[in-house]
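Listing of data30.csv; format and content: CSV, N, CA and C atoms.
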```
chain,number,residue,atom,x,y,z
A,13,MET,N,13.3,2.0,-11.7
A,13,MET,CA,12.0,1.7,-11.0
A,13,MET,C,10.9,1.5,-12.0
A,14,SER,N,10.3,0.4,-11.9
A,14,SER,CA,9.2,0.1,-12.9
A,14,SER,C,7.9,0.5,-12.3
A,15,THR,N,6.9,0.7,-13.2
A,15,THR,CA,5.6,1.0,-12.8
A,15,THR,C,4.9,-0.4,-12.5
A,16,PRO,N,3.8,-0.4,-11.8
A,16,PRO,CA,3.1,-1.6,-11.5
A,16,PRO,C,2.7,-2.3,-12.8
A,17,ARG,N,2.3,-1.5,-13.8
A,17,ARG,CA,2.0,-2.1,-15.1
A,17,ARG,C,3.2,-2.8,-15.8
A,18,ASP,N,4.3,-2.2,-15.7
A,18,ASP,CA,5.5,-2.8,-16.2
A,18,ASP,C,5.9,-4.1,-15.5
A,19,GLU,N,5.7,-4.1,-14.2
A,19,GLU,CA,6.0,-5.3,-13.4
A,19,GLU,C,5.0,-6.4,-13.8
A,20,LEU,N,3.7,-6.0,-13.9
A,20,LEU,CA,2.7,-7.0,-14.3
A,20,LEU,C,3.0,-7.6,-15.7
A,21,HIS,N,3.4,-6.8,-16.6
A,21,HIS,CA,3.8,-7.3,-17.9
A,21,HIS,C,5.0,-8.2,-17.9
A,22,ALA,N,6.0,-7.9,-17.0
A,22,ALA,CA,7.2,-8.7,-16.9
A,22,ALA,C,6.8,-10.1,-16.3
A,23,LEU,N,5.9,-10.1,-15.3
A,23,LEU,CA,5.5,-11.4,-14.7
A,23,LEU,C,4.8,-12.2,-15.7
A,24,ILE,N,3.9,-11.6,-16.5
A,24,ILE,CA,3.2,-12.3,-17.5
A,24,ILE,C,4.1,-12.9,-18.6
A,25,ASP,N,5.1,-12.1,-19.0
A,25,ASP,CA,6.1,-12.5,-20.0
A,25,ASP,C,6.9,-13.7,-19.5
A,26,GLU,N,7.1,-13.9,-18.2
A,26,GLU,CA,7.8,-15.0,-17.7
A,26,GLU,C,7.0,-16.3,-17.7
A,27,LEU,N,5.7,-16.3,-17.8
A,27,LEU,CA,4.9,-17.5,-17.8
A,27,LEU,C,5.0,-18.3,-19.1
A,28,PRO,N,5.0,-19.6,-19.0
A,28,PRO,CA,4.9,-20.4,-20.2
A,28,PRO,C,3.5,-20.2,-20.8
A,29,ASP,N,3.4,-20.5,-22.1
A,29,ASP,CA,2.1,-20.3,-22.7
A,29,ASP,C,1.0,-21.1,-22.1
A,30,GLU,N,1.3,-22.3,-21.7
A,30,GLU,CA,0.2,-23.1,-21.1
A,30,GLU,C,-0.3,-22.5,-19.8
A,31,ALA,N,0.6,-22.0,-19.0
A,31,ALA,CA,0.2,-21.4,-17.7
A,31,ALA,C,-0.6,-20.1,-17.9
A,32,ALA,N,-0.1,-19.4,-18.9
A,32,ALA,CA,-0.9,-18.1,-19.2
A,32,ALA,C,-2.3,-18.4,-19.7
A,33,ALA,N,-2.4,-19.5,-20.5
A,33,ALA,CA,-3.8,-19.8,-21.0
A,33,ALA,C,-4.7,-20.3,-19.8
A,34,GLU,N,-4.1,-20.9,-18.8
A,34,GLU,CA,-4.9,-21.4,-17.7
A,34,GLU,C,-5.3,-20.2,-16.8
A,35,LEU,N,-4.4,-19.2,-16.7
A,35,LEU,CA,-4.7,-18.1,-15.8
A,35,LEU,C,-5.6,-17.0,-16.4
A,36,VAL,N,-5.8,-17.0,-17.7
A,36,VAL,CA,-6.6,-15.9,-18.3
A,36,VAL,C,-8.0,-15.9,-17.7
A,37,PRO,N,-8.8,-16.9,-17.6
A,37,PRO,CA,-10.1,-16.8,-17.0
A,37,PRO,C,-10.2,-16.3,-15.6
A,38,ASP,N,-9.2,-16.8,-14.8
A,38,ASP,CA,-9.2,-16.4,-13.4
A,38,ASP,C,-8.8,-14.9,-13.3
A,39,MET,N,-7.8,-14.5,-14.0
A,39,MET,CA,-7.4,-13.0,-14.0
A,39,MET,C,-8.5,-12.1,-14.5
A,40,ARG,N,-9.3,-12.6,-15.5
A,40,ARG,CA,-10.4,-11.8,-16.0
A,40,ARG,C,-11.4,-11.6,-14.9
A,41,GLU,N,-11.7,-12.7,-14.2
A,41,GLU,CA,-12.7,-12.5,-13.1
A,41,GLU,C,-12.2,-11.6,-12.0
A,42,ILE,N,-11.0,-11.8,-11.6
A,42,ILE,CA,-10.4,-11.0,-10.6
A,42,ILE,C,-10.4,-9.5,-11.0
A,43,LEU,N,-10.0,-9.2,-12.2
A,43,LEU,CA,-10.0,-7.8,-12.6
A,43,LEU,C,-11.4,-7.2,-12.7
A,44,LYS,N,-12.3,-8.0,-13.2
A,44,LYS,CA,-13.7,-7.6,-13.3
A,44,LYS,C,-14.3,-7.3,-11.9
A,45,HIS,N,-14.0,-8.2,-11.0
A,45,HIS,CA,-14.5,-8.0,-9.6
A,45,HIS,C,-13.9,-6.7,-9.0
A,46,ARG,N,-12.6,-6.5,-9.1
A,46,ARG,CA,-11.9,-5.3,-8.6
A,46,ARG,C,-12.4,-4.0,-9.2
A,47,LEU,N,-12.6,-4.0,-10.5
A,47,LEU,CA,-13.2,-2.8,-11.1
A,47,LEU,C,-14.6,-2.5,-10.6
A,48,GLU,N,-15.4,-3.6,-10.5
A,48,GLU,CA,-16.7,-3.4,-10.0
A,48,GLU,C,-16.7,-2.8,-8.5
A,49,MET,N,-15.8,-3.3,-7.7
A,49,MET,CA,-15.7,-2.8,-6.3
A,49,MET,C,-15.3,-1.4,-6.3
A,50,ARG,N,-14.4,-1.0,-7.2
A,50,ARG,CA,-13.9,0.4,-7.2
A,50,ARG,C,-15.1,1.3,-7.7
A,51,ARG,N,-15.8,0.9,-8.7
A,51,ARG,CA,-17.0,1.7,-9.1
A,51,ARG,C,-18.0,1.8,-8.0
A,52,ARG,N,-18.3,0.7,-7.3
A,52,ARG,CA,-19.2,0.7,-6.2
A,52,ARG,C,-18.8,1.7,-5.1
A,53,ARG,N,-17.5,1.6,-4.7
A,53,ARG,CA,-17.0,2.5,-3.6
A,53,ARG,C,-17.1,3.9,-4.1
A,54,ALA,N,-16.9,4.2,-5.3
A,54,ALA,CA,-16.9,5.6,-5.8
A,54,ALA,C,-18.3,6.2,-5.8
A,55,THR,N,-19.3,5.3,-6.0
A,55,THR,CA,-20.7,5.8,-6.1
A,55,THR,C,-21.5,5.7,-4.8
A,56,GLU,N,-21.2,4.8,-3.9
A,56,GLU,CA,-21.9,4.6,-2.7
A,56,GLU,C,-21.7,5.7,-1.7
A,57,PRO,N,-22.7,6.2,-1.1
A,57,PRO,CA,-22.5,7.2,0.0
A,57,PRO,C,-21.7,6.5,1.1
A,58,ARG,N,-20.8,7.3,1.7
A,58,ARG,CA,-20.1,6.7,2.8
A,58,ARG,C,-20.8,7.1,4.1
A,59,PRO,N,-21.0,6.1,5.0
A,59,PRO,CA,-21.7,6.3,6.2
A,59,PRO,C,-20.8,7.1,7.2
A,60,TRP,N,-21.5,7.9,8.0
A,60,TRP,CA,-20.8,8.7,9.0
A,60,TRP,C,-21.5,8.5,10.4
A,61,PRO,N,-20.8,8.2,11.4
A,61,PRO,CA,-19.4,7.9,11.4
A,61,PRO,C,-19.0,6.5,10.9
A,62,PRO,N,-17.8,6.3,10.5
A,62,PRO,CA,-17.4,5.0,9.9
A,62,PRO,C,-17.6,3.9,11.0
A,63,SER,N,-17.6,2.7,10.6
A,63,SER,CA,-17.9,1.6,11.5
A,63,SER,C,-16.8,1.4,12.6
A,64,TRP,N,-15.6,1.8,12.3
A,64,TRP,CA,-14.5,1.7,13.2
A,64,TRP,C,-14.5,2.9,14.2
A,65,PHE,N,-15.3,3.9,14.0
A,65,PHE,CA,-15.3,5.1,14.8
A,65,PHE,C,-15.6,4.7,16.3
A,66,GLY,N,-14.8,5.2,17.2
A,66,GLY,CA,-15.0,4.9,18.6
A,66,GLY,C,-14.5,3.5,19.0
A,67,ALA,N,-13.7,2.9,18.2
A,67,ALA,CA,-13.3,1.5,18.5
A,67,ALA,C,-12.3,1.5,19.7
A,68,GLY,N,-11.5,2.5,19.9
A,68,GLY,CA,-10.5,2.6,20.9
A,68,GLY,C,-11.1,3.1,22.2
A,69,ALA,N,-10.5,2.6,23.3
A,69,ALA,CA,-11.0,3.1,24.6
A,69,ALA,C,-10.0,4.1,25.1
A,70,GLY,N,-10.5,5.2,25.7
A,70,GLY,CA,-9.7,6.3,26.2
A,70,GLY,C,-9.2,5.9,27.6
A,71,SER,N,-8.2,6.6,28.1
A,71,SER,CA,-7.7,6.3,29.4
A,71,SER,C,-8.4,7.0,30.5
A,72,ARG,N,-8.9,8.2,30.2
A,72,ARG,CA,-9.8,8.9,31.2
A,72,ARG,C,-11.0,9.3,30.4
A,73,PRO,N,-12.2,9.0,31.0
A,73,PRO,CA,-13.4,9.2,30.3
A,73,PRO,C,-13.9,10.6,30.0
A,74,ASP,N,-13.6,11.6,30.9
A,74,ASP,CA,-14.1,12.9,30.6
A,74,ASP,C,-13.0,14.0,30.8
A,75,THR,N,-12.4,14.3,29.7
A,75,THR,CA,-11.3,15.3,29.8
A,75,THR,C,-11.9,16.7,30.0
A,76,ALA,N,-13.0,17.0,29.4
A,76,ALA,CA,-13.6,18.3,29.6
A,76,ALA,C,-13.9,18.6,31.1
A,77,ARG,N,-14.4,17.6,31.8
A,77,ARG,CA,-14.7,17.8,33.2
A,77,ARG,C,-13.4,18.1,34.0
A,78,ARG,N,-12.3,17.6,33.5
A,78,ARG,CA,-11.0,17.7,34.3
A,78,ARG,C,-10.2,18.8,33.7
A,79,SER,N,-10.7,19.7,32.8
A,79,SER,CA,-9.9,20.7,32.1
A,79,SER,C,-9.2,21.6,33.0
A,80,GLU,N,-9.8,22.1,34.0
A,80,GLU,CA,-9.2,23.0,35.0
A,80,GLU,C,-8.0,22.3,35.7
A,81,GLU,N,-8.2,21.1,36.1
A,81,GLU,CA,-7.2,20.3,36.8
A,81,GLU,C,-6.0,20.1,35.8
A,82,ILE,N,-6.3,19.7,34.6
A,82,ILE,CA,-5.2,19.4,33.6
A,82,ILE,C,-4.4,20.7,33.3
A,83,LEU,N,-5.1,21.8,33.1
A,83,LEU,CA,-4.4,23.1,32.8
A,83,LEU,C,-3.6,23.5,34.0
A,84,ARG,N,-4.1,23.3,35.2
A,84,ARG,CA,-3.4,23.7,36.4
A,84,ARG,C,-2.1,22.8,36.6
A,85,ASP,N,-2.2,21.5,36.3
A,85,ASP,CA,-1.1,20.6,36.4
A,85,ASP,C,0.0,20.9,35.3
A,86,GLU,N,-0.5,21.2,34.1
A,86,GLU,CA,0.4,21.4,33.0
A,86,GLU,C,1.1,22.8,33.1
A,87,LEU,N,0.4,23.8,33.5
A,87,LEU,CA,0.9,25.1,33.5
A,87,LEU,C,1.6,25.4,34.9
A,88,GLY,N,1.4,24.6,35.8
A,88,GLY,CA,2.1,24.8,37.1
A,88,GLY,C,1.5,25.9,37.9
A,89,ARG,N,0.2,26.2,37.7
A,89,ARG,CA,-0.4,27.3,38.5
A,89,ARG,C,-1.0,26.7,39.8
A,90,PRO,N,-0.9,27.4,40.9
A,90,PRO,CA,-1.5,27.0,42.1
A,90,PRO,C,-3.0,27.0,42.1
A,91,GLU,N,-3.7,26.3,43.0
A,91,GLU,CA,-5.1,26.2,43.0
A,91,GLU,C,-5.6,27.5,43.4
```

How does this structure look as structure tokens?
Amino acid sequence: MSTPRDELHALIDELPDEAAAELVPDMREILKHRLEMRRRRATEPRPWPPSWFGAGAGSRPDTARRSEEILRDELGRPE
């Protein structure tokens, strides 16, 4: 099992010199961008709740209001 770094080195070693020379500027920009995004995520405060919070719809809107009914049904107790 190789590490991602080993895999990256192997992929680069397979490139012909001309292709490697063409890719260097693009890879430099990609890596620079990725590192900047990681730094930014590490320092920016995270909003709460996240933007996806509450994205799903529940099947029944108010479980608390129905708690007695749910417990009665699940525990098999008479009314």

So which bits of chain A end up helix (DSSP H, G or I) when you DSSP the backbone, as a PDB file with N, CA and C atoms, in the coordinates of the input?
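Okay, this is what ended up in result20.pdb:
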```
ATOM      1  N   PRO A  16       3.800  -0.400 -11.800  1.00  0.00           N
ATOM      2  CA  PRO A  16       3.100  -1.600 -11.500  1.00  0.00           C
ATOM      3  C   PRO A  16       2.700  -2.300 -12.800  1.00  0.00           C
ATOM      4  N   ARG A  17       2.300  -1.500 -13.800  1.00  0.00           N
ATOM      5  CA  ARG A  17       2.000  -2.100 -15.100  1.00  0.00           C
ATOM      6  C   ARG A  17       3.200  -2.800 -15.800  1.00  0.00           C
ATOM      7  N   ASP A  18       4.300  -2.200 -15.700  1.00  0.00           N
ATOM      8  CA  ASP A  18       5.500  -2.800 -16.200  1.00  0.00           C
ATOM      9  C   ASP A  18       5.900  -4.100 -15.500  1.00  0.00           C
ATOM     10  N   GLU A  19       5.700  -4.100 -14.200  1.00  0.00           N
ATOM     11  CA  GLU A  19       6.000  -5.300 -13.400  1.00  0.00           C
ATOM     12  C   GLU A  19       5.000  -6.400 -13.800  1.00  0.00           C
ATOM     13  N   LEU A  20       3.700  -6.000 -13.900  1.00  0.00           N
ATOM     14  CA  LEU A  20       2.700  -7.000 -14.300  1.00  0.00           C
ATOM     15  C   LEU A  20       3.000  -7.600 -15.700  1.00  0.00           C
ATOM     16  N   HIS A  21       3.400  -6.800 -16.600  1.00  0.00           N
ATOM     17  CA  HIS A  21       3.800  -7.300 -17.900  1.00  0.00           C
ATOM     18  C   HIS A  21       5.000  -8.200 -17.900  1.00  0.00           C
ATOM     19  N   ALA A  22       6.000  -7.900 -17.000  1.00  0.00           N
ATOM     20  CA  ALA A  22       7.200  -8.700 -16.900  1.00  0.00           C
ATOM     21  C   ALA A  22       6.800 -10.100 -16.300  1.00  0.00           C
ATOM     22  N   LEU A  23       5.900 -10.100 -15.300  1.00  0.00           N
ATOM     23  CA  LEU A  23       5.500 -11.400 -14.700  1.00  0.00           C
ATOM     24  C   LEU A  23       4.800 -12.200 -15.700  1.00  0.00           C
ATOM     25  N   ILE A  24       3.900 -11.600 -16.500  1.00  0.00           N
ATOM     26  CA  ILE A  24       3.200 -12.300 -17.500  1.00  0.00           C
ATOM     27  C   ILE A  24       4.100 -12.900 -18.600  1.00  0.00           C
ATOM     28  N   ASP A  25       5.100 -12.100 -19.000  1.00  0.00           N
ATOM     29  CA  ASP A  25       6.100 -12.500 -20.000  1.00  0.00           C
ATOM     30  C   ASP A  25       6.900 -13.700 -19.500  1.00  0.00           C
ATOM     31  N   GLU A  26       7.100 -13.900 -18.200  1.00  0.00           N
ATOM     32  CA  GLU A  26       7.800 -15.000 -17.700  1.00  0.00           C
ATOM     33  C   GLU A  26       7.000 -16.300 -17.700  1.00  0.00           C
ATOM     34  N   ASP A  29       3.400 -20.500 -22.100  1.00  0.00           N
ATOM     35  CA  ASP A  29       2.100 -20.300 -22.700  1.00  0.00           C
ATOM     36  C   ASP A  29       1.000 -21.100 -22.100  1.00  0.00           C
ATOM     37  N   GLU A  30       1.300 -22.300 -21.700  1.00  0.00           N
ATOM     38  CA  GLU A  30       0.200 -23.100 -21.100  1.00  0.00           C
ATOM     39  C   GLU A  30      -0.300 -22.500 -19.800  1.00  0.00           C
ATOM     40  N   ALA A  31       0.600 -22.000 -19.000  1.00  0.00           N
ATOM     41  CA  ALA A  31       0.200 -21.400 -17.700  1.00  0.00           C
ATOM     42  C   ALA A  31      -0.600 -20.100 -17.900  1.00  0.00           C
ATOM     43  N   ALA A  32      -0.100 -19.400 -18.900  1.00  0.00           N
ATOM     44  CA  ALA A  32      -0.900 -18.100 -19.200  1.00  0.00           C
ATOM     45  C   ALA A  32      -2.300 -18.400 -19.700  1.00  0.00           C
ATOM     46  N   ALA A  33      -2.400 -19.500 -20.500  1.00  0.00           N
ATOM     47  CA  ALA A  33      -3.800 -19.800 -21.000  1.00  0.00           C
ATOM     48  C   ALA A  33      -4.700 -20.300 -19.800  1.00  0.00           C
ATOM     49  N   GLU A  34      -4.100 -20.900 -18.800  1.00  0.00           N
ATOM     50  CA  GLU A  34      -4.900 -21.400 -17.700  1.00  0.00           C
ATOM     51  C   GLU A  34      -5.300 -20.200 -16.800  1.00  0.00           C
ATOM     52  N   LEU A  35      -4.400 -19.200 -16.700  1.00  0.00           N
ATOM     53  CA  LEU A  35      -4.700 -18.100 -15.800  1.00  0.00           C
ATOM     54  C   LEU A  35      -5.600 -17.000 -16.400  1.00  0.00           C
ATOM     55  N   VAL A  36      -5.800 -17.000 -17.700  1.00  0.00           N
ATOM     56  CA  VAL A  36      -6.600 -15.900 -18.300  1.00  0.00           C
ATOM     57  C   VAL A  36      -8.000 -15.900 -17.700  1.00  0.00           C
ATOM     58  N   PRO A  37      -8.800 -16.900 -17.600  1.00  0.00           N
ATOM     59  CA  PRO A  37     -10.100 -16.800 -17.000  1.00  0.00           C
ATOM     60  C   PRO A  37     -10.200 -16.300 -15.600  1.00  0.00           C
ATOM     61  N   ASP A  38      -9.200 -16.800 -14.800  1.00  0.00           N
ATOM     62  CA  ASP A  38      -9.200 -16.400 -13.400  1.00  0.00           C
ATOM     63  C   ASP A  38      -8.800 -14.900 -13.300  1.00  0.00           C
ATOM     64  N   MET A  39      -7.800 -14.500 -14.000  1.00  0.00           N
ATOM     65  CA  MET A  39      -7.400 -13.000 -14.000  1.00  0.00           C
ATOM     66  C   MET A  39      -8.500 -12.100 -14.500  1.00  0.00           C
ATOM     67  N   ARG A  40      -9.300 -12.600 -15.500  1.00  0.00           N
ATOM     68  CA  ARG A  40     -10.400 -11.800 -16.000  1.00  0.00           C
ATOM     69  C   ARG A  40     -11.400 -11.600 -14.900  1.00  0.00           C
ATOM     70  N   GLU A  41     -11.700 -12.700 -14.200  1.00  0.00           N
ATOM     71  CA  GLU A  41     -12.700 -12.500 -13.100  1.00  0.00           C
ATOM     72  C   GLU A  41     -12.200 -11.600 -12.000  1.00  0.00           C
ATOM     73  N   ILE A  42     -11.000 -11.800 -11.600  1.00  0.00           N
ATOM     74  CA  ILE A  42     -10.400 -11.000 -10.600  1.00  0.00           C
ATOM     75  C   ILE A  42     -10.400  -9.500 -11.000  1.00  0.00           C
ATOM     76  N   LEU A  43     -10.000  -9.200 -12.200  1.00  0.00           N
ATOM     77  CA  LEU A  43     -10.000  -7.800 -12.600  1.00  0.00           C
ATOM     78  C   LEU A  43     -11.400  -7.200 -12.700  1.00  0.00           C
ATOM     79  N   LYS A  44     -12.300  -8.000 -13.200  1.00  0.00           N
ATOM     80  CA  LYS A  44     -13.700  -7.600 -13.300  1.00  0.00           C
ATOM     81  C   LYS A  44     -14.300  -7.300 -11.900  1.00  0.00           C
ATOM     82  N   HIS A  45     -14.000  -8.200 -11.000  1.00  0.00           N
ATOM     83  CA  HIS A  45     -14.500  -8.000  -9.600  1.00  0.00           C
ATOM     84  C   HIS A  45     -13.900  -6.700  -9.000  1.00  0.00           C
ATOM     85  N   ARG A  46     -12.600  -6.500  -9.100  1.00  0.00           N
ATOM     86  CA  ARG A  46     -11.900  -5.300  -8.600  1.00  0.00           C
ATOM     87  C   ARG A  46     -12.400  -4.000  -9.200  1.00  0.00           C
ATOM     88  N   LEU A  47     -12.600  -4.000 -10.500  1.00  0.00           N
ATOM     89  CA  LEU A  47     -13.200  -2.800 -11.100  1.00  0.00           C
ATOM     90  C   LEU A  47     -14.600  -2.500 -10.600  1.00  0.00           C
ATOM     91  N   GLU A  48     -15.400  -3.600 -10.500  1.00  0.00           N
ATOM     92  CA  GLU A  48     -16.700  -3.400 -10.000  1.00  0.00           C
ATOM     93  C   GLU A  48     -16.700  -2.800  -8.500  1.00  0.00           C
ATOM     94  N   MET A  49     -15.800  -3.300  -7.700  1.00  0.00           N
ATOM     95  CA  MET A  49     -15.700  -2.800  -6.300  1.00  0.00           C
ATOM     96  C   MET A  49     -15.300  -1.400  -6.300  1.00  0.00           C
ATOM     97  N   ARG A  50     -14.400  -1.000  -7.200  1.00  0.00           N
ATOM     98  CA  ARG A  50     -13.900   0.400  -7.200  1.00  0.00           C
ATOM     99  C   ARG A  50     -15.100   1.300  -7.700  1.00  0.00           C
ATOM    100  N   ARG A  51     -15.800   0.900  -8.700  1.00  0.00           N
ATOM    101  CA  ARG A  51     -17.000   1.700  -9.100  1.00  0.00           C
ATOM    102  C   ARG A  51     -18.000   1.800  -8.000  1.00  0.00           C
ATOM    103  N   ARG A  52     -18.300   0.700  -7.300  1.00  0.00           N
ATOM    104  CA  ARG A  52     -19.200   0.700  -6.200  1.00  0.00           C
ATOM    105  C   ARG A  52     -18.800   1.700  -5.100  1.00  0.00           C
ATOM    106  N   ARG A  53     -17.500   1.600  -4.700  1.00  0.00           N
ATOM    107  CA  ARG A  53     -17.000   2.500  -3.600  1.00  0.00           C
ATOM    108  C   ARG A  53     -17.100   3.900  -4.100  1.00  0.00           C
ATOM    109  N   ALA A  54     -16.900   4.200  -5.300  1.00  0.00           N
ATOM    110  CA  ALA A  54     -16.900   5.600  -5.800  1.00  0.00           C
ATOM    111  C   ALA A  54     -18.300   6.200  -5.800  1.00  0.00           C
ATOM    112  N   THR A  55     -19.300   5.300  -6.000  1.00  0.00           N
ATOM    113  CA  THR A  55     -20.700   5.800  -6.100  1.00  0.00           C
ATOM    114  C   THR A  55     -21.500   5.700  -4.800  1.00  0.00           C
ATOM    115  N   SER A  79     -10.700  19.700  32.800  1.00  0.00           N
ATOM    116  CA  SER A  79      -9.900  20.700  32.100  1.00  0.00           C
ATOM    117  C   SER A  79      -9.200  21.600  33.000  1.00  0.00           C
ATOM    118  N   GLU A  80      -9.800  22.100  34.000  1.00  0.00           N
ATOM    119  CA  GLU A  80      -9.200  23.000  35.000  1.00  0.00           C
ATOM    120  C   GLU A  80      -8.000  22.300  35.700  1.00  0.00           C
ATOM    121  N   GLU A  81      -8.200  21.100  36.100  1.00  0.00           N
ATOM    122  CA  GLU A  81      -7.200  20.300  36.800  1.00  0.00           C
ATOM    123  C   GLU A  81      -6.000  20.100  35.800  1.00  0.00           C
ATOM    124  N   ILE A  82      -6.300  19.700  34.600  1.00  0.00           N
ATOM    125  CA  ILE A  82      -5.200  19.400  33.600  1.00  0.00           C
ATOM    126  C   ILE A  82      -4.400  20.700  33.300  1.00  0.00           C
ATOM    127  N   LEU A  83      -5.100  21.800  33.100  1.00  0.00           N
ATOM    128  CA  LEU A  83      -4.400  23.100  32.800  1.00  0.00           C
ATOM    129  C   LEU A  83      -3.600  23.500  34.000  1.00  0.00           C
ATOM    130  N   ARG A  84      -4.100  23.300  35.200  1.00  0.00           N
ATOM    131  CA  ARG A  84      -3.400  23.700  36.400  1.00  0.00           C
ATOM    132  C   ARG A  84      -2.100  22.800  36.600  1.00  0.00           C
ATOM    133  N   ASP A  85      -2.200  21.500  36.300  1.00  0.00           N
ATOM    134  CA  ASP A  85      -1.100  20.600  36.400  1.00  0.00           C
ATOM    135  C   ASP A  85       0.000  20.900  35.300  1.00  0.00           C
ATOM    136  N   GLU A  86      -0.500  21.200  34.100  1.00  0.00           N
ATOM    137  CA  GLU A  86       0.400  21.400  33.000  1.00  0.00           C
ATOM    138  C   GLU A  86       1.100  22.800  33.100  1.00  0.00           C
ATOM    139  N   LEU A  87       0.400  23.800  33.500  1.00  0.00           N
ATOM    140  CA  LEU A  87       0.900  25.100  33.500  1.00  0.00           C
ATOM    141  C   LEU A  87       1.600  25.400  34.900  1.00  0.00           C
TER     142      LEU A  87
END
```

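What separates atom CA of A:Ile42 from atom N of A:Ser14 is a distance of 23.7 Å.
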
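Picture a line from atom CA of A:Lys44 to atom CA of A:Pro57; it runs 21.8 Å.
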
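Put simply, atom C of A:Ile24 is 10.8 Å away from atom N of A:Val36.
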